[in-house]
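Asks: One structure, as structure tokens, below. Some questions next.
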Amino acid sequence: MILKNERSRKKNSFAEPVKGEAYIQLVWRKFKRSKTAIIGAILVIIMAILAIFAPFFSPYNPLKIDHRASFSPPQRIHFFDDKGKFHLRPFVYNLKLELDPQTWKRIYREDTSKRFPIYFLVRGWEYKPFGIPCKLHLFGVPKGGSIHLFGMDNYGRDLWARIMLGGRVSLSIALLGAILSAFIGSMVGTISAYYGGITDMILQRIVEFLQSFPQLPLWMALSIAIPATWSSLYVFIAIMMLFGLLSWTPLAREVRGKVLSLREQEFVLSAKEAGASDARIIFKYLIPNCLSHIIVILTLTIPWLILAESTLSFLGLGLQPPMVSWGVLLQEAQNLQTMGRHLWIAIPGAFIVITVLGFNFLGDGLRDAADPYSRR
């Protein structure tokens with residue numbers, strides 16, 4: 001019984017905040033206790049690294065076309081050869097194209113006559129990170145071999161490389177849209193609560209008006225208005241602005257509620273008595289105290305915008321080729337005949353699911369950790 005009480009005491013003492021700890025320390029102590037939050041953070045970090053350094057992780061140029069390898073299936077990584085002999089270094093076999101004499105169907109079979117070992121930190125096609133020419137890649141095979149982990153698309157382009165590049169675009173548009181949304185939402189919510197009166201009434205009616213529209217149909221309707229003659233960069237900026245300007249209303253409500261409780265606090269009243277301007281009070285005292293809520297909503301907005309971009313691009317209303325995003329890559333999956341024969345075309349959807357789950361796990365963990373004094 002004594003041992004049990006001692007364990008219970010230690011467990012409770014670990015859960016309770018320690019006097020004198022800074023707020024960020026309290027948040028971190030509670031955040032790291034959540035396994036799902038840690039998993040979400042790891043997934044987000046992995047996806048961010050893959051997106052930022054996409055060319056380094058891609059042994060082939062994602063824009064290079066090879067019609068002869070159209071819809072080539074993923075190559076398997078082997079440790080045992082066709083004779084059952086184990087090899088410490090993993091290897092792949094080249095794929096050999098054959099035609100079924102009766103149906104004329106394209107069939108790819110492994111050519112086991114020669115092994116191609118997988119090497120790491122190899123030289124390949126040239127790319128320019130930060131404007132510096134570089135040919136270093138994470139992995140590759142010797143000349144004469146090929147390694148396509150996720151197969152090829154209908155134009156014979158490496159799907160792994162295109163998923164890495166598409167992740168960069170999808171995450172960028174979601175992140176920039178969420179940042180714009182966070183800026184607008186935090187400003188509108190703070191101003192609405194701080195001034196109150198007619199200002200609060202007008203801003204809240206605008207929020208309610210925007211929230212009365214279903215977001216996805218509204219995004220679809222507005223995306224159609226983007227001129228088809230615009231370049232890929234302009235379309236990217238337009239979609240990002242569209243997301244940012246229409247997704248700030250939930251954050252505005254959150255920040256408004258927080259500021260309503262803060263504006264009567266002593267430090268705000270003291271600043272007013274000291275003659276501080278409204279701008280100084282808003283930017284130095286109110287918004288910094290809402291920063292934890294803003295970060296939480298930001299992490300929960302990003303996955304929603306990733307799904308929104310993927311949906312619009314999948315339907316042909318968002319980004320268009322030659323720009324690459326996860327939604328654009330999934331356009332091939334619209335054809336059931338293509339999906340039935342080449343199932344690997346839907347692999348970008350798995351990256352969307354993993355990324356969205358990662359951000360949701362991370363956001364839930366941050367939301368609980370933002371209130372380190374609660375018992376949840």
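Residues in the structure tokens are named by chain (A, B, ... in the order shown) and by number from 1 within that chain; ligands are numbered from 1 in the order shown.
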May I have a table of the residues of range 257-316 of chain A lying at most 12 Å from range 190-207 of chain A, giving each one's closest pair of atoms and their distance in Å to one decimal, counting only C-alpha atoms, ordered by chain and ascending residue number, as a Markdown table?

Replies:
| residue | atom | partner | partner_atom | distance |
| --- | --- | --- | --- | --- |
| A:Gly257 | CA | A:Ala193 | CA | 7.4 |
| A:Lys258 | CA | A:Thr190 | CA | 8.6 |
| A:Val259 | CA | A:Ala193 | CA | 5.9 |
| A:Leu260 | CA | A:Ala193 | CA | 5.4 |
| A:Ser261 | CA | A:Ala193 | CA | 9.1 |
| A:Leu262 | CA | A:Tyr194 | CA | 9.1 |
| A:Arg263 | CA | A:Tyr194 | CA | 6.5 |
| A:Glu264 | CA | A:Tyr194 | CA | 9.7 |
| A:Val268 | CA | A:Tyr194 | CA | 10.5 |
| A:Leu269 | CA | A:Tyr194 | CA | 11.8 |
| A:Asp278 | CA | A:Tyr194 | CA | 8.9 |
| A:Ala279 | CA | A:Ile191 | CA | 9.8 |
| A:Ile281 | CA | A:Tyr194 | CA | 9.5 |
| A:Ile282 | CA | A:Thr190 | CA | 7.2 |
| A:Phe283 | CA | A:Thr190 | CA | 9.5 |
| A:Tyr285 | CA | A:Thr190 | CA | 10.9 |
| A:Leu286 | CA | A:Thr190 | CA | 7.4 |
| A:Ile287 | CA | A:Thr190 | CA | 7.2 |
| A:Pro288 | CA | A:Thr190 | CA | 11.0 |
| A:Asn289 | CA | A:Thr190 | CA | 11.0 |
| A:Cys290 | CA | A:Thr190 | CA | 9.1 |
| A:Leu291 | CA | A:Thr190 | CA | 11.6 |
| A:Ile294 | CA | A:Thr190 | CA | 11.5 |

Asks: Mind the document's chain letters and residue numbers, and return as a VMD selection string the residues of range 8-106 of chain A that DSSP labels strand (DSSP E or B).

Replies: chain A and resid 78 to 80 86 to 99 106

Asks: Considering only C-alpha atoms, return as an NGL selection string whatever protein or nucleic-acid residues lie within 12 Å of Ile302 in chain A, sequence-local ones (same chain, fewer than 5 positions apart) excluded.

Replies: :A and (44 or 170-182 or 240 or 243-244 or 247-248 or 295-297 or 307-309 or 352 or 355-360 or 362-363)

Asks: Give me the residues within 9 Å of Asp111 in chain A as a PyMOL selection string, counting only C-alpha atoms and dropping any in the same chain fewer than 2 places off.

Replies: chain A and resi 93-96+109+113-115

Asks: I'd like the neighbourhood of range 33-35 of chain A as a short mmCIF file (atom, residue, chain, number, x, y, z; two decimals) with C-alpha atoms, in the first residue's frame, where a residue qualifies if any of its atoms comes within 10 Å (using only C-alpha atoms), though same-chain residues fewer than 2 positions away should be ignored.

Replies:
data_model
loop_
_atom_site.label_atom_id
_atom_site.label_comp_id
_atom_site.auth_asym_id
_atom_site.auth_seq_id
_atom_site.Cartn_x
_atom_site.Cartn_y
_atom_site.Cartn_z
CA ALA A 15 1.53 16.07 -13.85
CA TRP A 28 6.22 21.66 -23.26
CA ARG A 29 5.89 19.42 -20.19
CA LYS A 30 2.23 18.79 -20.94
CA PHE A 31 2.72 18.50 -24.70
CA ALA A 37 0.87 14.85 -30.29
CA ILE A 38 4.46 13.62 -30.49
CA ILE A 39 3.53 11.27 -33.35
CA GLY A 40 1.81 14.14 -35.13
CA ALA A 41 4.83 16.39 -34.68
CA PHE A 361 -2.67 15.14 -33.91
CA LEU A 362 -0.26 18.05 -33.47
CA ASP A 364 -5.00 18.58 -30.67
CA GLY A 365 -1.86 18.22 -28.57
CA LEU A 366 -1.12 21.93 -28.75
CA ASP A 368 -4.52 20.73 -24.67
CA ALA A 369 -0.99 21.94 -23.85
#

Asks: Give me the residues near Pro217 in chain A as an MDAnalysis selection string, where near means some atom within 12 Å (using only C-alpha atoms) and where sequence neighbours in that chain fewer than 2 positions away do not count.

Replies: chainID A and resid 212:215 219:224 246 308 311:312 317

Asks: If DSSP is run on the backbone, what residues of range 194-334 of chain A are alpha helix (DSSP H)? A reply as JSON, numbers by chain would be ideal.

Replies: {"A": [194, 195, 197, 198, 199, 200, 201, 202, 203, 204, 205, 206, 207, 208, 209, 210, 211, 215, 216, 217, 218, 219, 220, 221, 222, 223, 224, 232, 233, 234, 235, 236, 237, 238, 239, 240, 241, 242, 243, 244, 245, 246, 249, 250, 251, 252, 253, 254, 255, 256, 257, 258, 259, 260, 261, 262, 266, 267, 268, 269, 270, 271, 272, 273, 278, 279, 280, 287, 288, 289, 291, 292, 293, 294, 295, 296, 297, 298, 299, 300, 301, 302, 303, 304, 305, 306, 307, 308, 309, 310, 311, 312, 313, 314, 326, 327, 328, 329]}

Asks: Would you export the selected residues with C-alpha atoms as a JSON list (two decimals), in the first residue's frame, please?

Replies:
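File selection-v1.json, as written:
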[["chain", "number", "residue", "atom", "x", "y", "z"],
["A", 194, "TYR", "CA", -11.24, 45.69, -27.89],
["A", 195, "TYR", "CA", -13.42, 48.48, -29.28],
["A", 197, "GLY", "CA", -19.98, 48.69, -29.60],
["A", 198, "ILE", "CA", -20.81, 49.41, -33.23],
["A", 199, "THR", "CA", -17.39, 48.14, -34.38],
["A", 200, "ASP", "CA", -17.97, 44.77, -32.73],
["A", 201, "MET", "CA", -21.49, 44.52, -34.15],
["A", 202, "ILE", "CA", -20.41, 45.26, -37.74],
["A", 203, "LEU", "CA", -17.41, 42.92, -37.68],
["A", 204, "GLN", "CA", -19.41, 40.07, -36.12],
["A", 205, "ARG", "CA", -22.16, 40.43, -38.71],
["A", 206, "ILE", "CA", -19.50, 40.15, -41.42],
["A", 207, "VAL", "CA", -18.17, 37.00, -39.73],
["A", 208, "GLU", "CA", -21.65, 35.51, -39.54],
["A", 209, "PHE", "CA", -22.33, 36.40, -43.17],
["A", 210, "LEU", "CA", -19.20, 34.59, -44.37],
["A", 211, "GLN", "CA", -19.88, 31.60, -42.13],
["A", 215, "GLN", "CA", -16.95, 26.87, -47.71],
["A", 216, "LEU", "CA", -16.23, 24.21, -50.30],
["A", 217, "PRO", "CA", -18.97, 25.26, -52.78],
["A", 218, "LEU", "CA", -17.94, 28.89, -52.25],
["A", 219, "TRP", "CA", -14.29, 28.06, -53.00],
["A", 220, "MET", "CA", -15.35, 26.11, -56.08],
["A", 221, "ALA", "CA", -17.45, 29.00, -57.36],
["A", 222, "LEU", "CA", -14.70, 31.58, -56.83],
["A", 223, "SER", "CA", -11.95, 29.36, -58.24],
["A", 224, "ILE", "CA", -13.86, 29.13, -61.51],
["A", 232, "SER", "CA", 0.88, 28.81, -62.80],
["A", 233, "LEU", "CA", 2.42, 31.30, -60.36],
["A", 234, "TYR", "CA", -0.56, 33.65, -60.56],
["A", 235, "VAL", "CA", -2.98, 30.77, -60.08],
["A", 236, "PHE", "CA", -0.96, 29.62, -57.06],
["A", 237, "ILE", "CA", -1.14, 33.10, -55.51],
["A", 238, "ALA", "CA", -4.86, 33.41, -56.33],
["A", 239, "ILE", "CA", -5.72, 30.07, -54.71],
["A", 240, "MET", "CA", -3.62, 30.94, -51.65],
["A", 241, "MET", "CA", -5.35, 34.32, -51.32],
["A", 242, "LEU", "CA", -8.74, 32.65, -51.78],
["A", 243, "PHE", "CA", -8.06, 30.26, -48.92],
["A", 244, "GLY", "CA", -6.67, 32.96, -46.65],
["A", 245, "LEU", "CA", -9.50, 35.44, -47.22],
["A", 246, "LEU", "CA", -12.29, 32.92, -46.61],
["A", 249, "THR", "CA", -13.74, 33.48, -39.37],
["A", 250, "PRO", "CA", -13.30, 30.66, -36.78],
["A", 251, "LEU", "CA", -10.07, 32.23, -35.52],
["A", 252, "ALA", "CA", -11.72, 35.66, -35.30],
["A", 253, "ARG", "CA", -14.36, 34.20, -32.98],
["A", 254, "GLU", "CA", -11.73, 32.46, -30.84],
["A", 255, "VAL", "CA", -9.57, 35.57, -30.49],
["A", 256, "ARG", "CA", -12.59, 37.78, -29.79],
["A", 257, "GLY", "CA", -13.60, 35.59, -26.86],
["A", 258, "LYS", "CA", -10.07, 35.63, -25.47],
["A", 259, "VAL", "CA", -9.65, 39.41, -25.82],
["A", 260, "LEU", "CA", -13.02, 40.04, -24.14],
["A", 261, "SER", "CA", -11.58, 38.44, -21.01],
["A", 262, "LEU", "CA", -8.22, 40.20, -21.35],
["A", 266, "GLU", "CA", -5.07, 45.02, -14.76],
["A", 267, "PHE", "CA", -2.13, 45.12, -17.17],
["A", 268, "VAL", "CA", -4.39, 46.40, -19.98],
["A", 269, "LEU", "CA", -6.08, 48.99, -17.75],
["A", 270, "SER", "CA", -2.68, 50.10, -16.45],
["A", 271, "ALA", "CA", -1.42, 50.56, -20.00],
["A", 272, "LYS", "CA", -4.46, 52.72, -20.79],
["A", 273, "GLU", "CA", -3.91, 54.82, -17.69],
["A", 278, "ASP", "CA", -4.61, 51.51, -28.87],
["A", 279, "ALA", "CA", -2.15, 50.08, -31.39],
["A", 280, "ARG", "CA", 0.46, 49.54, -28.65],
["A", 287, "ILE", "CA", -2.26, 39.67, -29.40],
["A", 288, "PRO", "CA", 0.82, 38.18, -27.62],
["A", 289, "ASN", "CA", -1.50, 36.82, -24.93],
["A", 291, "LEU", "CA", -0.63, 33.75, -29.44],
["A", 292, "SER", "CA", -1.09, 30.22, -28.07],
["A", 293, "HIS", "CA", -4.67, 30.11, -29.37],
["A", 294, "ILE", "CA", -3.58, 31.52, -32.72],
["A", 295, "ILE", "CA", -0.89, 28.84, -33.11],
["A", 296, "VAL", "CA", -3.35, 26.08, -32.25],
["A", 297, "ILE", "CA", -5.93, 27.28, -34.76],
["A", 298, "LEU", "CA", -3.15, 27.70, -37.33],
["A", 299, "THR", "CA", -2.09, 24.06, -37.00],
["A", 300, "LEU", "CA", -5.71, 22.95, -37.36],
["A", 301, "THR", "CA", -6.32, 25.22, -40.38],
["A", 302, "ILE", "CA", -3.38, 23.88, -42.41],
["A", 303, "PRO", "CA", -4.78, 20.32, -42.85],
["A", 304, "TRP", "CA", -8.17, 21.72, -43.78],
["A", 305, "LEU", "CA", -6.55, 23.86, -46.50],
["A", 306, "ILE", "CA", -4.51, 20.87, -47.73],
["A", 307, "LEU", "CA", -7.78, 18.96, -48.20],
["A", 308, "ALA", "CA", -9.38, 21.99, -49.84],
["A", 309, "GLU", "CA", -6.53, 22.44, -52.34],
["A", 310, "SER", "CA", -6.45, 18.72, -53.10],
["A", 311, "THR", "CA", -10.21, 18.65, -53.64],
["A", 312, "LEU", "CA", -10.24, 21.66, -55.95],
["A", 313, "SER", "CA", -7.24, 20.41, -57.95],
["A", 314, "PHE", "CA", -8.69, 16.89, -58.13],
["A", 326, "TRP", "CA", -1.01, 16.22, -54.51],
["A", 327, "GLY", "CA", -4.44, 17.15, -55.84],
["A", 328, "VAL", "CA", -3.14, 17.50, -59.40],
["A", 329, "LEU", "CA", -1.45, 14.08, -59.14]]
